[in-house]
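**Student:** This is upload22.tsv, which holds TSV, N, CA and C atoms:
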chain	number	residue	atom	x	y	z
A	1292	LEU	N	103.34	-110.66	58.15
A	1292	LEU	CA	102.61	-110.71	56.91
A	1292	LEU	C	101.14	-111.03	57.16
A	1293	SER	N	100.88	-111.99	58.06
A	1293	SER	CA	99.48	-112.34	58.32
A	1293	SER	C	98.72	-111.18	58.96
A	1294	ALA	N	99.42	-110.38	59.78
A	1294	ALA	CA	98.76	-109.21	60.37
A	1294	ALA	C	98.35	-108.22	59.29
A	1295	ALA	N	99.17	-108.05	58.28
A	1295	ALA	CA	98.84	-107.14	57.18
A	1295	ALA	C	97.62	-107.64	56.43
A	1296	PHE	N	97.53	-108.94	56.20
A	1296	PHE	CA	96.35	-109.50	55.54
A	1296	PHE	C	95.10	-109.28	56.37
A	1297	THR	N	95.22	-109.47	57.68
A	1297	THR	CA	94.08	-109.28	58.58
A	1297	THR	C	93.61	-107.84	58.55
A	1298	VAL	N	94.53	-106.91	58.68
A	1298	VAL	CA	94.17	-105.49	58.67
A	1298	VAL	C	93.53	-105.10	57.35
A	1299	ASN	N	94.07	-105.58	56.26
A	1299	ASN	CA	93.53	-105.24	54.94
A	1299	ASN	C	92.15	-105.84	54.69
A	1300	SER	N	91.81	-106.90	55.43
A	1300	SER	CA	90.51	-107.53	55.22
A	1300	SER	C	89.40	-106.90	56.06
A	1301	LEU	N	89.75	-106.05	57.01
A	1301	LEU	CA	88.75	-105.43	57.87
A	1301	LEU	C	88.01	-104.33	57.11
A	1302	ASN	N	86.71	-104.28	57.30
A	1302	ASN	CA	85.90	-103.23	56.69
A	1302	ASN	C	85.48	-102.25	57.78
A	1303	SER	N	86.11	-101.09	57.78
A	1303	SER	CA	85.82	-100.09	58.80
A	1303	SER	C	86.17	-98.72	58.26
A	1304	ASP	N	85.44	-97.73	58.75
A	1304	ASP	CA	85.78	-96.36	58.39
A	1304	ASP	C	86.82	-95.80	59.35
A	1305	ILE	N	87.22	-96.57	60.34
A	1305	ILE	CA	88.27	-96.17	61.27
A	1305	ILE	C	89.57	-96.81	60.81
A	1306	LYS	N	90.46	-95.97	60.34
A	1306	LYS	CA	91.73	-96.45	59.80
A	1306	LYS	C	92.92	-96.07	60.68
A	1307	GLY	N	92.72	-95.10	61.57
A	1307	GLY	CA	93.82	-94.65	62.42
A	1307	GLY	C	93.31	-93.71	63.50
A	1308	PRO	N	94.21	-93.16	64.31
A	1308	PRO	CA	93.83	-92.29	65.43
A	1308	PRO	C	92.99	-91.09	65.04
A	1309	ASP	N	93.22	-90.53	63.88
A	1309	ASP	CA	92.45	-89.35	63.46
A	1309	ASP	C	90.97	-89.65	63.23
A	1310	ASP	N	90.64	-90.93	63.07
A	1310	ASP	CA	89.26	-91.34	62.82
A	1310	ASP	C	88.49	-91.67	64.10
A	1311	LEU	N	89.14	-91.65	65.26
A	1311	LEU	CA	88.51	-92.05	66.52
A	1311	LEU	C	87.54	-91.03	67.12
A	1312	PRO	N	87.82	-89.71	67.02
A	1312	PRO	CA	86.87	-88.76	67.61
A	1312	PRO	C	85.45	-88.95	67.07
A	1313	GLY	N	84.49	-88.91	68.01
A	1313	GLY	CA	83.10	-89.10	67.64
A	1313	GLY	C	82.64	-90.54	67.81
A	1314	HIS	N	83.55	-91.43	68.21
A	1314	HIS	CA	83.22	-92.84	68.36
A	1314	HIS	C	83.48	-93.32	69.78
A	1315	ALA	N	82.79	-94.39	70.18
A	1315	ALA	CA	83.06	-95.07	71.44
A	1315	ALA	C	84.23	-96.03	71.21
A	1316	VAL	N	85.23	-95.96	72.10
A	1316	VAL	CA	86.44	-96.74	71.95
A	1316	VAL	C	86.73	-97.48	73.25
A	1317	ALA	N	86.98	-98.77	73.16
A	1317	ALA	CA	87.32	-99.59	74.33
A	1317	ALA	C	88.81	-99.51	74.62
A	1318	THR	N	89.14	-99.53	75.90
A	1318	THR	CA	90.53	-99.63	76.33
A	1318	THR	C	90.56	-100.22	77.73
A	1319	VAL	N	91.74	-100.56	78.21
A	1319	VAL	CA	91.89	-101.09	79.55
A	1319	VAL	C	91.92	-99.90	80.52
A	1320	GLY	N	91.03	-99.94	81.51
A	1320	GLY	CA	90.94	-98.85	82.47
A	1320	GLY	C	92.24	-98.66	83.24
A	1321	GLY	N	92.62	-97.39	83.42
A	1321	GLY	CA	93.83	-97.05	84.15
A	1321	GLY	C	95.10	-97.13	83.33
A	1322	SER	N	94.99	-97.47	82.06
A	1322	SER	CA	96.18	-97.60	81.20
A	1322	SER	C	96.57	-96.25	80.61
A	1323	THR	N	97.78	-96.20	80.08
A	1323	THR	CA	98.20	-94.99	79.37
A	1323	THR	C	97.35	-94.78	78.13
A	1324	ALA	N	96.86	-95.86	77.55
A	1324	ALA	CA	95.97	-95.74	76.39
A	1324	ALA	C	94.70	-94.99	76.77
A	1325	GLU	N	94.17	-95.24	77.97
A	1325	GLU	CA	92.97	-94.53	78.41
A	1325	GLU	C	93.26	-93.03	78.54
A	1326	THR	N	94.39	-92.69	79.15
A	1326	THR	CA	94.77	-91.28	79.30
A	1326	THR	C	94.91	-90.61	77.94
A	1327	TRP	N	95.57	-91.29	77.01
A	1327	TRP	CA	95.78	-90.75	75.66
A	1327	TRP	C	94.44	-90.53	74.95
A	1328	LEU	N	93.55	-91.52	75.05
A	1328	LEU	CA	92.24	-91.41	74.39
A	1328	LEU	C	91.42	-90.26	74.95
A	1329	GLN	N	91.51	-90.03	76.26
A	1329	GLN	CA	90.74	-88.95	76.87
A	1329	GLN	C	91.19	-87.57	76.36
A	1330	LYS	N	92.43	-87.48	75.95
A	1330	LYS	CA	92.96	-86.22	75.42
A	1330	LYS	C	92.73	-86.05	73.92
A	1331	LEU	N	92.41	-87.14	73.26
A	1331	LEU	CA	92.27	-87.13	71.80
A	1331	LEU	C	90.94	-86.52	71.39
A	1332	GLY	N	90.97	-85.71	70.38
A	1332	GLY	CA	89.73	-85.12	69.87
A	1332	GLY	C	90.04	-84.06	68.83
A	1333	ILE	N	89.00	-83.56	68.26
A	1333	ILE	CA	89.12	-82.49	67.27
A	1333	ILE	C	88.98	-81.19	68.04
A	1334	PRO	N	89.95	-80.28	67.94
A	1334	PRO	CA	89.84	-79.02	68.68
A	1334	PRO	C	88.49	-78.34	68.41
A	1335	GLY	N	87.77	-78.06	69.48
A	1335	GLY	CA	86.47	-77.41	69.35
A	1335	GLY	C	85.39	-78.33	68.81
A	1336	GLY	N	85.67	-79.64	68.74
A	1336	GLY	CA	84.70	-80.56	68.14
A	1336	GLY	C	84.59	-81.87	68.88
A	1337	ALA	N	84.47	-82.92	68.11
A	1337	ALA	CA	84.19	-84.26	68.65
A	1337	ALA	C	85.33	-84.79	69.51
A	1338	LYS	N	84.96	-85.46	70.55
A	1338	LYS	CA	85.90	-86.16	71.42
A	1338	LYS	C	85.68	-87.66	71.27
A	1339	VAL	N	86.61	-88.42	71.79
A	1339	VAL	CA	86.47	-89.87	71.82
A	1339	VAL	C	85.67	-90.23	73.07
A	1340	THR	N	84.69	-91.10	72.92
A	1340	THR	CA	83.96	-91.62	74.08
A	1340	THR	C	84.73	-92.84	74.56
A	1341	VAL	N	85.43	-92.68	75.68
A	1341	VAL	CA	86.29	-93.74	76.20
A	1341	VAL	C	85.47	-94.70	77.06
A	1342	GLN	N	85.53	-95.98	76.73
A	1342	GLN	CA	84.85	-97.02	77.49
A	1342	GLN	C	85.92	-97.92	78.12
A	1343	PRO	N	86.23	-97.71	79.42
A	1343	PRO	CA	87.26	-98.53	80.05
A	1343	PRO	C	86.73	-99.91	80.45
A	1344	TYR	N	87.56	-100.92	80.25
A	1344	TYR	CA	87.24	-102.30	80.62
A	1344	TYR	C	88.37	-102.86	81.47
A	1345	ALA	N	88.11	-103.98	82.13
A	1345	ALA	CA	89.06	-104.58	83.06
A	1345	ALA	C	90.31	-105.14	82.38
A	1346	ASP	N	90.14	-105.64	81.15
A	1346	ASP	CA	91.26	-106.28	80.46
A	1346	ASP	C	91.00	-106.32	78.96
A	1347	VAL	N	92.00	-106.77	78.22
A	1347	VAL	CA	91.90	-106.81	76.76
A	1347	VAL	C	90.78	-107.73	76.28
A	1348	PRO	N	90.61	-108.93	76.86
A	1348	PRO	CA	89.50	-109.77	76.41
A	1348	PRO	C	88.14	-109.08	76.56
A	1349	ALA	N	87.95	-108.32	77.61
A	1349	ALA	CA	86.69	-107.58	77.79
A	1349	ALA	C	86.55	-106.51	76.71
A	1350	CYS	N	87.65	-105.86	76.33
A	1350	CYS	CA	87.62	-104.87	75.24
A	1350	CYS	C	87.20	-105.54	73.93
A	1351	LEU	N	87.78	-106.70	73.67
A	1351	LEU	CA	87.46	-107.42	72.44
A	1351	LEU	C	86.00	-107.86	72.42
A	1352	ASP	N	85.48	-108.29	73.57
A	1352	ASP	CA	84.06	-108.66	73.65
A	1352	ASP	C	83.17	-107.46	73.33
A	1353	ALA	N	83.53	-106.29	73.85
A	1353	ALA	CA	82.75	-105.07	73.58
A	1353	ALA	C	82.79	-104.73	72.10
A	1354	LEU	N	83.94	-104.92	71.47
A	1354	LEU	CA	84.08	-104.64	70.04
A	1354	LEU	C	83.24	-105.63	69.22
A	1355	LYS	N	83.33	-106.90	69.56
A	1355	LYS	CA	82.58	-107.92	68.84
A	1355	LYS	C	81.07	-107.73	68.96
A	1356	SER	N	80.63	-107.27	70.13
A	1356	SER	CA	79.19	-107.11	70.36
A	1356	SER	C	78.64	-105.79	69.83
A	1357	GLY	N	79.54	-104.91	69.35
A	1357	GLY	CA	79.09	-103.64	68.80
A	1357	GLY	C	78.90	-102.53	69.82
A	1358	LYS	N	79.35	-102.75	71.06
A	1358	LYS	CA	79.22	-101.70	72.09
A	1358	LYS	C	80.17	-100.54	71.81
A	1359	VAL	N	81.27	-100.83	71.15
A	1359	VAL	CA	82.27	-99.82	70.78
A	1359	VAL	C	82.62	-100.00	69.32
A	1360	ARG	N	83.22	-98.96	68.73
A	1360	ARG	CA	83.61	-99.01	67.31
A	1360	ARG	C	85.07	-99.39	67.11
A	1361	ALA	N	85.89	-99.30	68.21
A	1361	ALA	CA	87.31	-99.58	68.10
A	1361	ALA	C	87.85	-99.94	69.47
A	1362	GLY	N	89.05	-100.50	69.46
A	1362	GLY	CA	89.77	-100.79	70.69
A	1362	GLY	C	91.19	-100.27	70.58
A	1363	VAL	N	91.67	-99.66	71.65
A	1363	VAL	CA	93.04	-99.13	71.67
A	1363	VAL	C	93.70	-99.58	72.96
A	1364	TYR	N	94.87	-100.18	72.82
A	1364	TYR	CA	95.63	-100.56	74.02
A	1364	TYR	C	97.09	-100.67	73.67
Would it be possible to restate this file's structure as structure tokens?

**Tutor:**
Amino acid sequence: LSAAFTVNSLNSDIKGPDDLPGHAVATVGGSTAETWLQKLGIPGGAKVTVQPYADVPACLDALKSGKVRAGVY
């Protein structure tokens, strides 16, 4: 329940995977999430700019500092 409240309180135009193309996204380098993100995009259009980091805390730091628009792991 608390996770639902947290998600509902976030203000972002990124609501799901379809909203990621065209944005910089943090993930853990070498993970399956990184592979998935590299394949994600709009056919003939925008791709996701994948920013790999060493671990989840580093991804969160990048998100908090505005270096990326989302994190996927």

**Student:** Kindly indicate which residue among A:Gly1362, A:Val1316, A:Leu1328, A:Leu1354 lies nearest to Gln1342 in chain A, using only N, CA and C atoms for the distances.

**Tutor:**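 Selected residue with least distance to Gln1342 in chain A: A:Val1316.
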
**Student:** Using DSSP assignments from the backbone, pull out every residue in chain A that falls under helix (DSSP H, G or I) and give it to me as a PyMOL selection string.

**Tutor:** chain A and resi 1293-1300+1308-1310+1323-1330+1347-1356

**Student:** When you look at Lys1338 in chain A with a cut-off of 6 Å (counting all atoms listed in the file), what residues show up, excluding the ones that are within fewer than 3 positions of it in the same chain? I need them as a list of chain:residue names.

**Tutor:**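 Residues meeting the cut-off are A:Leu1311, A:Pro1312, A:Gly1313, A:His1314, A:Leu1331, A:Gly1332, A:Ile1333.
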
**Student:** Next, the residues of the selection above should be written as a PDB file, in the frame of the given file with N, CA and C atoms.

**Tutor:**
ATOM      1  N   LEU A1311      89.140 -91.650  65.260  1.00  0.00           N
ATOM      2  CA  LEU A1311      88.510 -92.050  66.520  1.00  0.00           C
ATOM      3  C   LEU A1311      87.540 -91.030  67.120  1.00  0.00           C
ATOM      4  N   PRO A1312      87.820 -89.710  67.020  1.00  0.00           N
ATOM      5  CA  PRO A1312      86.870 -88.760  67.610  1.00  0.00           C
ATOM      6  C   PRO A1312      85.450 -88.950  67.070  1.00  0.00           C
ATOM      7  N   GLY A1313      84.490 -88.910  68.010  1.00  0.00           N
ATOM      8  CA  GLY A1313      83.100 -89.100  67.640  1.00  0.00           C
ATOM      9  C   GLY A1313      82.640 -90.540  67.810  1.00  0.00           C
ATOM     10  N   HIS A1314      83.550 -91.430  68.210  1.00  0.00           N
ATOM     11  CA  HIS A1314      83.220 -92.840  68.360  1.00  0.00           C
ATOM     12  C   HIS A1314      83.480 -93.320  69.780  1.00  0.00           C
ATOM     13  N   LEU A1331      92.410 -87.140  73.260  1.00  0.00           N
ATOM     14  CA  LEU A1331      92.270 -87.130  71.800  1.00  0.00           C
ATOM     15  C   LEU A1331      90.940 -86.520  71.390  1.00  0.00           C
ATOM     16  N   GLY A1332      90.970 -85.710  70.380  1.00  0.00           N
ATOM     17  CA  GLY A1332      89.730 -85.120  69.870  1.00  0.00           C
ATOM     18  C   GLY A1332      90.040 -84.060  68.830  1.00  0.00           C
ATOM     19  N   ILE A1333      89.000 -83.560  68.260  1.00  0.00           N
ATOM     20  CA  ILE A1333      89.120 -82.490  67.270  1.00  0.00           C
ATOM     21  C   ILE A1333      88.980 -81.190  68.040  1.00  0.00           C
TER      22      ILE A1333
END

**Student:** Out of A:Ala1337, A:Ile1305, A:Ser1356, A:Tyr1364, which residue has the shortest atom-to-atom distance to Gly1320 in chain A when counting only C-alpha atoms?

**Tutor:**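 Using only C-alpha atoms, the shortest distance to Gly1320 in chain A belongs to A:Tyr1364.
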
**Student:** With distances taken over only C-alpha atoms, which residue among A:Val1347, A:Ala1361, A:Ala1353, A:Ala1315 lies nearest Ser1303 in chain A?

**Tutor:**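 Looking only at the distances to Ser1303 in chain A, the closest residue turns out to be A:Ala1361.
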
**Student:** Out of A:Asp1309, A:Ala1324, A:Asp1304, A:Ala1317, which residue has the shortest atom-to-atom distance to Ala1349 in chain A when counting only C-alpha atoms?

**Tutor:** A:Ala1317

**Student:** In Å, how far is it from atom C of Lys1330 in chain A to atom N of Asp1310 in chain A?

**Tutor:**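 According to the coordinates, atom C of Lys1330 in chain A and atom N of Asp1310 in chain A are separated by 12.1 Å.
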
**Student:** Give the strand (DSSP E or B) residues of chain A, as DSSP finds them on the backbone, and put them as a ChimeraX atom specification.

**Tutor:** /A:1315-1319,1332,1338,1340-1344,1361-1362

**Student:** Please measure the separation of atom N of Lys1355 in chain A and atom C of Gly1307 in chain A, giving the value in Å to one decimal.

**Tutor:**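 About the pair atom N of Lys1355 in chain A and atom C of Gly1307 in chain A: they are 17.6 Å apart.
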
**Student:** Extract, using all atoms listed in the file, all DNA, RNA and protein residues at most 7 Å from Val1319 in chain A, discarding same-chain residues fewer than 6 positions from it, and format them as a ChimeraX atom specification.

**Tutor:** /A:1325,1342-1347,1350,1363-1364
